[in-house]
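What follows is the content of upload.txt, which has compact mmCIF, C-alpha atoms:
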# COMPACT_ATOMS: atom_id res chain seq x y z
CA MET X 1 3.63 -47.78 -36.20
CA LEU X 2 1.20 -46.56 -33.53
CA SER X 3 2.69 -45.36 -30.25
CA THR X 4 1.59 -47.17 -27.12
CA GLN X 5 3.03 -44.49 -24.85
CA LEU X 6 1.64 -41.10 -23.90
CA ASP X 7 3.88 -38.35 -25.27
CA PRO X 8 5.43 -35.93 -22.76
CA SER X 9 3.37 -32.82 -22.17
CA LYS X 10 4.73 -29.58 -23.60
CA HIS X 11 2.73 -27.46 -21.17
CA PRO X 12 4.82 -25.05 -19.02
CA LEU X 13 3.17 -26.58 -15.93
CA ALA X 14 3.69 -30.15 -17.11
CA ALA X 15 5.22 -31.13 -13.77
CA TYR X 16 1.87 -30.63 -12.05
CA ILE X 17 0.07 -32.60 -14.75
CA TYR X 18 2.39 -35.50 -14.01
CA GLN X 19 1.68 -35.08 -10.29
CA LEU X 20 -2.04 -35.43 -10.90
CA GLU X 21 -1.60 -38.37 -13.26
CA SER X 22 0.47 -40.17 -10.64
CA GLY X 23 -2.26 -39.81 -8.02
CA GLN X 24 -0.68 -36.89 -6.18
CA ALA X 25 -2.25 -33.51 -5.45
CA LEU X 26 -1.35 -30.01 -6.61
CA LEU X 27 0.08 -29.56 -3.09
CA PRO X 28 3.08 -31.79 -2.27
CA ASP X 29 2.59 -34.42 0.39
CA SER X 30 4.41 -33.78 3.67
CA PRO X 31 3.56 -34.08 7.38
CA VAL X 32 3.69 -30.28 7.75
CA HIS X 33 1.31 -29.75 4.84
CA VAL X 34 -1.11 -32.29 6.27
CA THR X 35 -1.06 -30.50 9.63
CA GLU X 36 -1.58 -27.13 7.97
CA VAL X 37 -4.35 -28.19 5.60
CA VAL X 38 -6.38 -30.22 8.08
CA GLY X 39 -5.98 -27.58 10.79
CA ILE X 40 -7.05 -24.68 8.59
CA LEU X 41 -9.97 -26.65 7.14
CA LYS X 42 -11.17 -27.43 10.66
CA SER X 43 -11.20 -23.71 11.44
CA TYR X 44 -12.77 -22.98 8.06
CA GLY X 45 -15.44 -25.60 8.69
CA VAL X 46 -16.47 -23.87 11.93
CA VAL X 47 -16.62 -20.50 10.16
CA LEU X 48 -18.56 -21.94 7.20
CA ASP X 49 -21.09 -23.38 9.63
CA ALA X 50 -21.80 -19.85 10.89
CA TYR X 51 -21.77 -18.39 7.38
CA SER X 52 -24.18 -21.05 6.12
CA ILE X 53 -26.63 -20.54 8.97
CA ASN X 54 -26.66 -16.78 8.39
CA LEU X 55 -27.00 -16.96 4.61
CA ASN X 56 -29.92 -19.33 4.91
CA TYR X 57 -31.49 -17.15 7.62
CA ILE X 58 -31.26 -14.08 5.37
CA ALA X 59 -32.74 -15.99 2.42
CA ASP X 60 -35.58 -17.44 4.48
CA HIS X 61 -36.44 -14.59 6.85
CA GLN X 62 -35.09 -11.37 5.31
CA CYS X 63 -36.40 -11.96 1.81
CA LEU X 64 -37.43 -8.66 0.17
CA VAL X 65 -36.81 -6.74 3.40
CA ILE X 66 -35.61 -3.47 1.92
CA LEU X 67 -33.57 -2.34 4.96
CA PRO X 68 -32.51 -5.58 6.70
CA PHE X 69 -30.76 -3.89 9.63
CA PHE X 70 -30.70 -7.05 11.77
CA LYS X 71 -29.84 -9.54 9.04
CA TYR X 72 -26.64 -10.67 10.78
CA PHE X 73 -28.41 -11.49 14.05
CA ASN X 74 -30.11 -14.72 12.91
CA GLY X 75 -33.33 -13.62 14.59
CA GLN X 76 -31.70 -13.20 18.03
CA VAL X 77 -31.67 -9.45 18.61
CA SER X 78 -30.51 -8.05 21.93
CA PHE X 79 -28.71 -4.94 23.15
CA THR X 80 -25.63 -7.01 24.02
CA LYS X 81 -25.47 -8.53 20.54
CA LEU X 82 -25.93 -5.08 19.03
CA LEU X 83 -22.90 -3.78 20.97
CA GLN X 84 -20.88 -6.83 19.91
CA HIS X 85 -21.93 -6.19 16.33
CA TRP X 86 -20.81 -2.56 16.41
CA TRP X 87 -17.56 -3.52 18.15
CA HIS X 88 -17.02 -6.32 15.60
CA ASP X 89 -16.78 -8.90 18.39
CA ARG X 90 -18.51 -11.37 16.10
CA ILE X 91 -18.31 -13.47 12.96
CA ASN X 92 -17.76 -11.25 9.92
CA TYR X 93 -20.76 -12.26 7.85
CA GLU X 94 -19.87 -9.55 5.35
CA TYR X 95 -17.33 -11.94 3.82
CA ALA X 96 -20.07 -14.49 3.18
CA GLU X 97 -22.00 -11.81 1.30
CA TYR X 98 -18.86 -10.89 -0.64
CA CYS X 99 -18.61 -14.47 -1.89
CA MET X 100 -22.33 -14.58 -2.65
CA LYS X 101 -22.12 -11.40 -4.70
CA GLY X 102 -19.07 -12.76 -6.52
CA MET X 103 -21.06 -15.84 -7.53
CA PHE X 104 -24.06 -13.70 -8.41
CA TRP X 105 -22.00 -11.42 -10.63
CA HIS X 106 -19.97 -14.10 -12.42
CA GLY X 107 -22.94 -16.44 -12.83
CA GLY X 108 -22.59 -19.80 -14.51
CA GLY X 109 -24.33 -23.12 -13.93
CA GLY X 110 -27.97 -24.03 -13.74
CA LEU X 111 -28.82 -21.64 -10.89
CA ASP X 112 -27.80 -18.63 -12.96
CA ALA X 113 -29.68 -19.96 -15.99
CA TYR X 114 -32.87 -20.73 -14.05
CA LEU X 115 -33.07 -17.23 -12.58
CA ASP X 116 -33.49 -15.86 -16.11
CA THR X 117 -36.40 -18.15 -17.01
CA PRO X 118 -40.08 -17.17 -17.32
CA ASP X 119 -40.87 -19.77 -14.65
CA PHE X 120 -38.74 -17.93 -12.07
CA ARG X 121 -40.16 -14.56 -13.11
CA GLN X 122 -43.71 -15.85 -12.64
CA ARG X 123 -42.91 -17.28 -9.20
CA ALA X 124 -41.19 -14.03 -8.24
CA GLU X 125 -44.23 -12.01 -9.31
CA VAL X 126 -46.55 -14.12 -7.14
CA LEU X 127 -44.27 -13.72 -4.12
CA ILE X 128 -43.86 -9.97 -4.62
CA ARG X 129 -47.61 -9.38 -4.81
CA ASP X 130 -48.22 -11.56 -1.75
CA LYS X 131 -45.41 -9.90 0.23
CA PHE X 132 -46.58 -6.35 -0.49
CA LYS X 133 -50.33 -6.86 -0.86
CA THR X 134 -50.98 -4.29 1.89
CA ASN X 135 -48.17 -1.94 0.84
CA PRO X 136 -49.33 0.29 -2.04
CA PHE X 137 -46.01 2.16 -2.06
CA MET X 138 -43.97 -0.98 -2.83
CA LEU X 139 -46.52 -2.20 -5.37
CA GLY X 140 -46.33 1.20 -7.07
CA LEU X 141 -42.54 1.04 -7.02
CA HIS X 142 -42.76 -2.42 -8.57
CA ARG X 143 -44.92 -1.09 -11.39
CA LEU X 144 -42.51 1.76 -12.06
CA PHE X 145 -39.37 -0.40 -11.84
CA PRO X 146 -40.49 -3.97 -12.65
CA ASP X 147 -36.94 -5.40 -12.60
CA PHE X 148 -35.91 -4.08 -9.17
CA LEU X 149 -37.65 -6.54 -6.82
CA PRO X 150 -37.12 -9.61 -9.05
CA GLU X 151 -33.40 -8.77 -9.03
CA GLN X 152 -33.47 -8.66 -5.23
CA LEU X 153 -35.13 -12.06 -5.26
CA ARG X 154 -32.46 -13.42 -7.60
CA MET X 155 -29.91 -12.32 -5.02
CA MET X 156 -31.90 -14.07 -2.28
CA ALA X 157 -31.71 -17.25 -4.37
CA TYR X 158 -27.92 -16.93 -4.34
CA TYR X 159 -27.95 -16.40 -0.56
CA SER X 160 -29.80 -19.69 -0.29
CA GLY X 161 -27.74 -21.52 -2.90
CA LEU X 162 -24.41 -20.56 -1.32
CA GLY X 163 -25.80 -21.30 2.15
CA GLN X 164 -26.77 -24.82 1.05
CA PHE X 165 -23.38 -25.32 -0.62
CA TRP X 166 -21.43 -24.21 2.44
CA ARG X 167 -23.58 -26.43 4.67
CA VAL X 168 -22.20 -29.47 2.84
CA MET X 169 -18.64 -28.14 2.79
CA SER X 170 -18.66 -27.30 6.50
CA ASP X 171 -19.74 -30.81 7.45
CA MET X 172 -17.16 -32.24 5.05
CA PHE X 173 -14.25 -30.25 6.55
CA LEU X 174 -15.25 -30.95 10.14
CA SER X 175 -15.52 -34.68 9.44
CA LEU X 176 -12.05 -34.48 7.83
CA SER X 177 -10.73 -33.06 11.11
CA ASP X 178 -12.41 -35.84 13.08
CA ARG X 179 -10.83 -38.48 10.85
CA TYR X 180 -7.43 -36.80 11.23
CA ASP X 181 -7.79 -36.86 15.02
CA ALA X 182 -8.66 -40.57 14.78
CA GLY X 183 -5.51 -41.27 12.73
CA GLU X 184 -7.38 -42.04 9.50
CA ILE X 185 -5.97 -39.06 7.54
CA THR X 186 -2.17 -39.07 7.29
CA THR X 187 -1.32 -37.78 3.80
CA ILE X 188 -2.37 -35.04 1.40
CA PRO X 189 -3.82 -37.67 -1.01
CA ASP X 190 -5.95 -38.84 1.95
CA VAL X 191 -7.22 -35.27 2.36
CA VAL X 192 -8.01 -34.98 -1.35
CA SER X 193 -9.74 -38.36 -1.38
CA HIS X 194 -11.94 -37.37 1.56
CA ILE X 195 -13.00 -34.13 -0.16
CA ARG X 196 -13.54 -35.83 -3.53
CA GLU X 197 -15.72 -38.53 -2.01
CA GLY X 198 -17.70 -35.89 -0.13
CA LEU X 199 -18.29 -33.92 -3.33
CA VAL X 200 -19.36 -37.06 -5.20
CA ALA X 201 -21.69 -38.13 -2.38
CA ALA X 202 -23.43 -34.73 -2.38
CA ALA X 203 -23.28 -34.22 -6.17
CA SER X 204 -26.97 -34.86 -6.86
CA GLN X 205 -28.31 -33.24 -3.67
CA PRO X 206 -31.13 -30.94 -4.82
CA ILE X 207 -30.88 -27.17 -4.45
CA VAL X 208 -34.30 -25.72 -3.65
CA TYR X 209 -35.48 -22.45 -2.14
CA ASN X 210 -38.82 -21.81 -0.44
CA VAL X 211 -40.08 -18.64 1.24
CA GLN X 212 -42.75 -18.82 3.94
CA LEU X 213 -45.21 -15.91 4.11
CA GLY X 214 -47.80 -16.49 6.80
CA ASP X 215 -49.40 -19.83 6.06
CA ARG X 216 -48.30 -19.82 2.41
CA THR X 217 -45.12 -21.44 1.07
CA HIS X 218 -43.69 -19.96 -2.10
CA GLU X 219 -41.42 -22.25 -4.10
CA ILE X 220 -38.88 -19.89 -5.64
CA ILE X 221 -36.51 -22.64 -6.78
CA PRO X 222 -38.71 -25.74 -7.01
CA PRO X 223 -37.46 -29.34 -7.27
CA SER X 224 -38.70 -29.31 -10.87
CA ALA X 225 -35.90 -26.87 -11.73
CA GLY X 226 -33.54 -29.82 -11.36
CA LEU X 227 -30.74 -27.87 -9.67
CA THR X 228 -28.11 -29.93 -7.87
CA PHE X 229 -25.23 -29.32 -5.49
CA LEU X 230 -22.24 -30.11 -7.74
CA ALA X 231 -23.20 -28.73 -11.14
CA ASP X 232 -25.15 -25.69 -10.01
CA THR X 233 -23.37 -24.45 -6.87
CA ALA X 234 -20.00 -26.20 -6.39
CA ILE X 235 -18.59 -25.73 -9.91
CA PRO X 236 -19.80 -22.10 -10.25
CA TYR X 237 -18.33 -21.41 -6.79
CA VAL X 238 -14.92 -22.76 -7.83
CA GLU X 239 -15.03 -20.65 -10.99
CA ALA X 240 -16.20 -17.45 -9.28
CA ILE X 241 -14.29 -17.59 -5.98
CA PHE X 242 -11.24 -19.80 -6.60
CA PHE X 243 -10.38 -18.44 -10.04
CA ARG X 244 -12.05 -15.19 -11.09
CA GLY X 245 -12.86 -13.30 -7.90
CA THR X 246 -13.04 -9.52 -7.92
CA PRO X 247 -10.32 -6.84 -7.62
CA PHE X 248 -9.63 -5.80 -4.04
CA PRO X 249 -10.38 -2.09 -3.44
CA GLY X 250 -7.25 -0.11 -2.70
CA THR X 251 -4.90 -2.52 -4.47
CA ILE X 252 -5.92 -1.80 -8.06
CA SER X 253 -7.51 1.09 -9.92
CA TYR X 254 -11.13 0.78 -10.98
CA ASN X 255 -10.63 3.66 -13.41
CA ALA X 256 -11.42 2.33 -16.89
CA GLN X 257 -8.70 4.51 -18.41
CA ALA X 258 -6.06 2.93 -16.17
CA TYR X 259 -6.60 -0.49 -17.83
CA GLN X 260 -5.70 -2.32 -14.62
CA ILE X 261 -8.80 -4.54 -14.72
CA PRO X 262 -9.30 -6.99 -17.62
CA PHE X 263 -11.91 -5.96 -20.15
CA TYR X 264 -13.45 -9.42 -20.30
CA GLN X 265 -15.02 -10.98 -17.24
CA GLN X 266 -13.61 -14.44 -18.03
CA ASP X 267 -10.07 -13.00 -17.81
CA PHE X 268 -10.42 -12.09 -14.13
CA ALA X 269 -7.76 -13.77 -11.99
CA TYR X 270 -8.33 -12.41 -8.48
CA GLY X 271 -9.61 -15.59 -6.83
CA ALA X 272 -8.32 -17.51 -3.83
CA LEU X 273 -5.75 -19.40 -5.93
CA PHE X 274 -4.21 -16.16 -7.22
CA ALA X 275 -4.41 -13.62 -4.39
CA ASP X 276 -1.19 -12.34 -2.82
CA PRO X 277 -1.36 -13.10 0.93
CA LEU X 278 0.70 -10.05 1.89
CA PRO X 279 -2.10 -7.42 1.57
CA VAL X 280 -4.20 -9.47 4.00
CA GLY X 281 -4.85 -7.26 6.97
CA GLY X 282 -5.13 -4.12 4.91
CA SER X 283 -8.21 -1.94 4.84
CA GLY X 284 -10.77 -2.94 2.24
CA ILE X 285 -9.31 -6.41 1.59
CA PRO X 286 -12.29 -8.81 1.90
CA PRO X 287 -10.29 -12.00 2.75
CA THR X 288 -9.03 -10.18 5.85
CA LEU X 289 -12.48 -10.76 7.33
CA LEU X 290 -12.24 -14.50 6.68
CA MET X 291 -8.72 -14.75 8.13
CA GLN X 292 -9.87 -12.79 11.18
CA ASP X 293 -12.75 -15.22 11.66
CA MET X 294 -10.57 -18.32 11.23
CA ARG X 295 -7.93 -17.16 13.70
CA HIS X 296 -10.46 -17.64 16.53
CA PHE X 297 -10.93 -21.34 15.76
CA LEU X 298 -7.42 -22.58 14.95
CA PRO X 299 -6.73 -25.98 16.54
CA ASP X 300 -3.88 -26.02 19.04
CA TYR X 301 -1.56 -28.06 16.83
CA LEU X 302 -1.78 -25.50 14.01
CA ARG X 303 -1.31 -22.55 16.36
CA ASP X 304 1.75 -24.30 17.82
CA LEU X 305 3.14 -24.72 14.30
CA TYR X 306 2.71 -21.01 13.63
CA GLN X 307 4.42 -20.18 16.93
CA GLN X 308 7.59 -21.90 15.69
CA SER X 309 8.11 -19.20 13.06
CA THR X 310 10.27 -16.13 13.70
CA ARG X 311 7.39 -13.64 13.81
CA GLN X 312 4.97 -15.94 15.68
CA ASP X 313 1.61 -14.08 15.89
CA ASP X 314 2.83 -10.82 14.32
CA ASP X 315 1.85 -11.97 10.83
CA LEU X 316 -0.79 -14.50 11.82
CA ARG X 317 -3.33 -13.44 9.20
CA VAL X 318 -0.73 -13.77 6.45
CA LYS X 319 0.19 -17.27 7.68
CA ILE X 320 -3.49 -18.24 7.76
CA CYS X 321 -3.96 -16.93 4.23
CA GLU X 322 -0.95 -18.88 2.94
CA THR X 323 -2.20 -22.05 4.60
CA PHE X 324 -5.72 -21.44 3.35
CA GLN X 325 -4.41 -21.19 -0.22
CA LYS X 326 -2.67 -24.54 0.22
CA SER X 327 -5.93 -26.09 1.38
CA MET X 328 -7.80 -24.62 -1.60
CA PHE X 329 -5.34 -26.27 -3.99
CA CYS X 330 -6.31 -29.55 -2.30
CA VAL X 331 -10.00 -28.79 -2.80
CA THR X 332 -9.29 -27.90 -6.43
CA THR X 333 -7.40 -31.17 -6.88
CA ALA X 334 -10.45 -33.06 -5.61
CA THR X 335 -12.62 -31.12 -8.08
CA ILE X 336 -10.25 -31.87 -10.98
CA GLN X 337 -10.19 -35.57 -10.10
CA GLY X 338 -13.95 -35.75 -9.73
CA LEU X 339 -14.66 -34.05 -13.08
CA ALA X 340 -12.04 -35.90 -15.14
CA PRO X 341 -13.46 -37.72 -18.19
CA TYR X 342 -11.81 -40.94 -16.99
CA PRO X 343 -10.14 -42.01 -13.72
CA LEU X 344 -6.68 -40.46 -13.64
CA SER X 345 -5.29 -43.90 -12.80
CA THR X 346 -6.49 -45.39 -16.11
CA THR X 347 -3.97 -47.35 -18.18
CA THR X 348 -5.97 -47.20 -21.44
CA LEU X 349 -4.05 -45.00 -23.87
CA ASP X 350 -7.04 -43.21 -25.42
CA GLU X 351 -8.42 -42.46 -21.97
CA ARG X 352 -5.04 -41.17 -20.80
CA ARG X 353 -4.88 -38.89 -23.85
CA ALA X 354 -8.35 -37.53 -23.07
CA ASN X 355 -7.32 -36.95 -19.47
CA ARG X 356 -4.10 -35.26 -20.60
CA ALA X 357 -6.01 -32.77 -22.75
CA TYR X 358 -8.40 -32.18 -19.85
CA LEU X 359 -5.54 -31.53 -17.40
CA GLU X 360 -3.73 -29.22 -19.81
CA ASN X 361 -6.89 -27.12 -20.06
CA TRP X 362 -6.94 -26.87 -16.29
CA MET X 363 -3.24 -25.95 -16.20
CA ASN X 364 -3.94 -23.06 -18.57
CA ARG X 365 -5.92 -21.55 -15.69
CA PHE X 366 -3.04 -22.00 -13.22
CA VAL X 367 -0.25 -20.28 -15.17
CA THR X 368 -0.51 -17.03 -13.19
CA SER X 369 -1.74 -18.62 -9.96
CA ARG X 370 0.29 -19.23 -6.80
CA ILE X 371 0.70 -22.92 -7.58
CA GLN X 372 4.50 -22.68 -7.53
CA GLU X 373 4.59 -20.71 -4.26
CA VAL X 374 2.58 -23.33 -2.36
CA GLN X 375 5.01 -26.10 -3.27
CA ILE X 376 7.30 -25.04 -0.40
Could I get this file's structure written as structure tokens?
Amino acid sequence: MLSTQLDPSKHPLAAYIYQLESGQALLPDSPVHVTEVVGILKSYGVVLDAYSINLNYIADHQCLVILPFFKYFNGQVSFTKLLQHWWHDRINYEYAEYCMKGMFWHGGGGLDAYLDTPDFRQRAEVLIRDKFKTNPFMLGLHRLFPDFLPEQLRMMAYYSGLGQFWRVMSDMFLSLSDRYDAGEITTIPDVVSHIREGLVAAASQPIVYNVQLGDRTHEIIPPSAGLTFLADTAIPYVEAIFFRGTPFPGTISYNAQAYQIPFYQQDFAYGALFADPLPVGGSGIPPTLLMQDMRHFLPDYLRDLYQQSTRQDDDLRVKICETFQKSMFCVTTATIQGLAPYPLSTTTLDERRANRAYLENWMNRFVTSRIQEVQI
């Protein structure tokens, strides 16, 4: 006799599978969680706006500039801004580059694949020769080390790709805040639904990259490459930044003989969903820069919530990091829902079984994450 019921999951994180199957998120629904998540995503949206503008500026205007001293100035160089830069009275664009380099190193998706094609190499060669046509030193260097400048151009493509990705995400998070202020967002499932719909709406948005040299436009990533927002930037970003990440200097030994870093790249688990918030604020911890940036743009209602704790502002960066992790579990929930083989609300048994296998594969990634800590 064939069973008409879905068997209970034997996965150690089965409880979270059931949450997803019932239409809930990986983060429990509560008024406090809604306040935290929407508030931190509003601040994050403001910061991502600045990050996106700068990444795109670097890709478009600092392409193949060997010593880009003013790359964080967005073309607005002044003595006052230089002092602010040295005093760090500014947005920490270094964190944006940290994420870009994480994506660049981990790869994945169509962007990574395209940058290894003969078509890209040919386009890169044309740009390099046009850029340095009056610079015999750089042309000589290119002949001696033919992979150096194309590799720099690959990195520029990632500047542009991440900048385009964050442009969409910034607008999405700021519109979430506007809807919350208007009373349209009241639950965590509402937050997840907003993000999921935003991802779906932008899924097929093309990712292209052009460099202007004088009166000539060089298509480095042309429309014919067929790269799109969801498959070629969003999913690789989740993999590289949410899950894998890179070890934080000072917290783990890079000595190969110490065996503190996994041998295989796919075993890395240093991403936003895994990182311990307590080291935030320490020297050499990249997320500190992001938390420092976000603290300047916290909405009043979130800052008031933080003030109710015993330590108030004394551990503000840690609080921001904990809240940020909660918000990233919401973003991950939206990604899981959007990529599921069938709607998670399906009642068809075969479709539910396919979804169950899909969710169990996801849960394998969460075993060592902070999924249990964010349930509080």
Range 149-261 of chain X near range 94-110 of chain X within 12 Å: what's each residue's closest atom pair and its distance in Å to one decimal, counting all atoms listed in the file, ordered by chain then ascending residue number, as CSV?
residue,atom,partner,partner_atom,distance
X:Glu151,CA,X:Phe104,CA,10.6
X:Gln152,CA,X:Phe104,CA,11.1
X:Leu153,CA,X:Phe104,CA,11.6
X:Arg154,CA,X:Phe104,CA,8.4
X:Met155,CA,X:Phe104,CA,6.9
X:Met156,CA,X:Met100,CA,9.6
X:Ala157,CA,X:Phe104,CA,9.4
X:Tyr158,CA,X:Met100,CA,6.3
X:Tyr159,CA,X:Met100,CA,6.3
X:Ser160,CA,X:Met100,CA,9.4
X:Gly161,CA,X:Met100,CA,8.8
X:Leu162,CA,X:Met100,CA,6.5
X:Gly163,CA,X:Met100,CA,9.0
X:Gln164,CA,X:Met100,CA,11.8
X:Phe165,CA,X:Met100,CA,11.0
X:Trp166,CA,X:Ala96,CA,9.8
X:Pro206,CA,X:Gly110,CA,11.7
X:Ile207,CA,X:Gly110,CA,10.2
X:Ile221,CA,X:Gly110,CA,11.1
X:Ala225,CA,X:Gly110,CA,8.7
X:Gly226,CA,X:Gly110,CA,8.4
X:Leu227,CA,X:Gly110,CA,6.2
X:Thr228,CA,X:Gly110,CA,8.3
X:Phe229,CA,X:Gly110,CA,10.2
X:Leu230,CA,X:Gly109,CA,9.6
X:Ala231,CA,X:Gly109,CA,6.4
X:Asp232,CA,X:Gly109,CA,4.8
X:Thr233,CA,X:Gly109,CA,7.2
X:Ala234,CA,X:Gly109,CA,9.2
X:Ile235,CA,X:Gly109,CA,7.5
X:Pro236,CA,X:Gly108,CA,5.6
X:Tyr237,CA,X:Met103,CA,6.2
X:Val238,CA,X:Met103,CA,9.3
X:Glu239,CA,X:His106,CA,8.3
X:Ala240,CA,X:Met103,CA,5.4
X:Ile241,CA,X:Cys99,CA,6.7
X:Phe242,CA,X:Cys99,CA,10.2
X:Phe243,CA,X:His106,CA,10.8
X:Arg244,CA,X:His106,CA,8.1
X:Gly245,CA,X:Gly102,CA,6.4
X:Thr246,CA,X:Gly102,CA,7.0
X:Pro247,CA,X:Gly102,CA,10.6
X:Phe248,CA,X:Tyr98,CA,11.1
Store the residues picked out above in a file with C-alpha atoms, as a PDB file, in the frame of the given file.
ATOM      1  CA  GLU X 151     -33.400  -8.770  -9.030  1.00  0.00           C
ATOM      2  CA  GLN X 152     -33.470  -8.660  -5.230  1.00  0.00           C
ATOM      3  CA  LEU X 153     -35.130 -12.060  -5.260  1.00  0.00           C
ATOM      4  CA  ARG X 154     -32.460 -13.420  -7.600  1.00  0.00           C
ATOM      5  CA  MET X 155     -29.910 -12.320  -5.020  1.00  0.00           C
ATOM      6  CA  MET X 156     -31.900 -14.070  -2.280  1.00  0.00           C
ATOM      7  CA  ALA X 157     -31.710 -17.250  -4.370  1.00  0.00           C
ATOM      8  CA  TYR X 158     -27.920 -16.930  -4.340  1.00  0.00           C
ATOM      9  CA  TYR X 159     -27.950 -16.400  -0.560  1.00  0.00           C
ATOM     10  CA  SER X 160     -29.800 -19.690  -0.290  1.00  0.00           C
ATOM     11  CA  GLY X 161     -27.740 -21.520  -2.900  1.00  0.00           C
ATOM     12  CA  LEU X 162     -24.410 -20.560  -1.320  1.00  0.00           C
ATOM     13  CA  GLY X 163     -25.800 -21.300   2.150  1.00  0.00           C
ATOM     14  CA  GLN X 164     -26.770 -24.820   1.050  1.00  0.00           C
ATOM     15  CA  PHE X 165     -23.380 -25.320  -0.620  1.00  0.00           C
ATOM     16  CA  TRP X 166     -21.430 -24.210   2.440  1.00  0.00           C
ATOM     17  CA  PRO X 206     -31.130 -30.940  -4.820  1.00  0.00           C
ATOM     18  CA  ILE X 207     -30.880 -27.170  -4.450  1.00  0.00           C
ATOM     19  CA  ILE X 221     -36.510 -22.640  -6.780  1.00  0.00           C
ATOM     20  CA  ALA X 225     -35.900 -26.870 -11.730  1.00  0.00           C
ATOM     21  CA  GLY X 226     -33.540 -29.820 -11.360  1.00  0.00           C
ATOM     22  CA  LEU X 227     -30.740 -27.870  -9.670  1.00  0.00           C
ATOM     23  CA  THR X 228     -28.110 -29.930  -7.870  1.00  0.00           C
ATOM     24  CA  PHE X 229     -25.230 -29.320  -5.490  1.00  0.00           C
ATOM     25  CA  LEU X 230     -22.240 -30.110  -7.740  1.00  0.00           C
ATOM     26  CA  ALA X 231     -23.200 -28.730 -11.140  1.00  0.00           C
ATOM     27  CA  ASP X 232     -25.150 -25.690 -10.010  1.00  0.00           C
ATOM     28  CA  THR X 233     -23.370 -24.450  -6.870  1.00  0.00           C
ATOM     29  CA  ALA X 234     -20.000 -26.200  -6.390  1.00  0.00           C
ATOM     30  CA  ILE X 235     -18.590 -25.730  -9.910  1.00  0.00           C
ATOM     31  CA  PRO X 236     -19.800 -22.100 -10.250  1.00  0.00           C
ATOM     32  CA  TYR X 237     -18.330 -21.410  -6.790  1.00  0.00           C
ATOM     33  CA  VAL X 238     -14.920 -22.760  -7.830  1.00  0.00           C
ATOM     34  CA  GLU X 239     -15.030 -20.650 -10.990  1.00  0.00           C
ATOM     35  CA  ALA X 240     -16.200 -17.450  -9.280  1.00  0.00           C
ATOM     36  CA  ILE X 241     -14.290 -17.590  -5.980  1.00  0.00           C
ATOM     37  CA  PHE X 242     -11.240 -19.800  -6.600  1.00  0.00           C
ATOM     38  CA  PHE X 243     -10.380 -18.440 -10.040  1.00  0.00           C
ATOM     39  CA  ARG X 244     -12.050 -15.190 -11.090  1.00  0.00           C
ATOM     40  CA  GLY X 245     -12.860 -13.300  -7.900  1.00  0.00           C
ATOM     41  CA  THR X 246     -13.040  -9.520  -7.920  1.00  0.00           C
ATOM     42  CA  PRO X 247     -10.320  -6.840  -7.620  1.00  0.00           C
ATOM     43  CA  PHE X 248      -9.630  -5.800  -4.040  1.00  0.00           C
TER      44      PHE X 248
END
d(CA of Asn54 in chain X, CA of His85 in chain X) in Å: 14.1 Å
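From CA of Thr117 in chain X back to CA of Asn135 in chain X, the distance works out to 26.8 Å.
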Mind listing whatever residues come within 12 Å of the point (-42.0, -2.9, -1.9)? Use all atoms listed in the file, file coordinates, and give them as a PyMOL selection string. chain X and resi 63-67+125+127-146+148-150+152-153
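Taking all atoms listed in the file, the non-local environment of Glu322 in chain X within 12 Å (same-chain residues fewer than 5 positions away omitted) comprises His33, Glu36, Val37, Ile40, Ala272, Leu273, Phe274, Ala275, Asp276, Pro277, Leu278, Pro279, Val280, Pro287, Met291, Tyr306, Asp315, Leu316, Arg317, Ser327, Met328, Phe329, Arg370, Ile371, Glu373, Val374, Gln375 and Ile376 of chain X.
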N, CA, C and O atoms are needed for range 80-85 of chain X; please write them out as a PDB file, in the coordinates of the input.
ATOM      1  N   THR X  80     -26.997  -6.498  23.921  1.00  0.00           N
ATOM      2  CA  THR X  80     -25.630  -7.010  24.020  1.00  0.00           C
ATOM      3  C   THR X  80     -25.087  -7.410  22.660  1.00  0.00           C
ATOM      4  O   THR X  80     -23.947  -7.076  22.298  1.00  0.00           O
ATOM      5  N   LYS X  81     -25.912  -8.115  21.871  1.00  0.00           N
ATOM      6  CA  LYS X  81     -25.470  -8.530  20.540  1.00  0.00           C
ATOM      7  C   LYS X  81     -25.279  -7.319  19.629  1.00  0.00           C
ATOM      8  O   LYS X  81     -24.399  -7.315  18.765  1.00  0.00           O
ATOM      9  N   LEU X  82     -26.084  -6.287  19.827  1.00  0.00           N
ATOM     10  CA  LEU X  82     -25.930  -5.080  19.030  1.00  0.00           C
ATOM     11  C   LEU X  82     -24.589  -4.411  19.323  1.00  0.00           C
ATOM     12  O   LEU X  82     -23.885  -3.974  18.406  1.00  0.00           O
ATOM     13  N   LEU X  83     -24.202  -4.348  20.607  1.00  0.00           N
ATOM     14  CA  LEU X  83     -22.900  -3.780  20.970  1.00  0.00           C
ATOM     15  C   LEU X  83     -21.769  -4.619  20.400  1.00  0.00           C
ATOM     16  O   LEU X  83     -20.763  -4.089  19.902  1.00  0.00           O
ATOM     17  N   GLN X  84     -21.902  -5.947  20.485  1.00  0.00           N
ATOM     18  CA  GLN X  84     -20.880  -6.830  19.910  1.00  0.00           C
ATOM     19  C   GLN X  84     -20.775  -6.622  18.404  1.00  0.00           C
ATOM     20  O   GLN X  84     -19.681  -6.647  17.839  1.00  0.00           O
ATOM     21  N   HIS X  85     -21.903  -6.408  17.778  1.00  0.00           N
ATOM     22  CA  HIS X  85     -21.930  -6.190  16.330  1.00  0.00           C
ATOM     23  C   HIS X  85     -21.175  -4.909  15.975  1.00  0.00           C
ATOM     24  O   HIS X  85     -20.343  -4.897  15.066  1.00  0.00           O
TER      25      HIS X  85
END
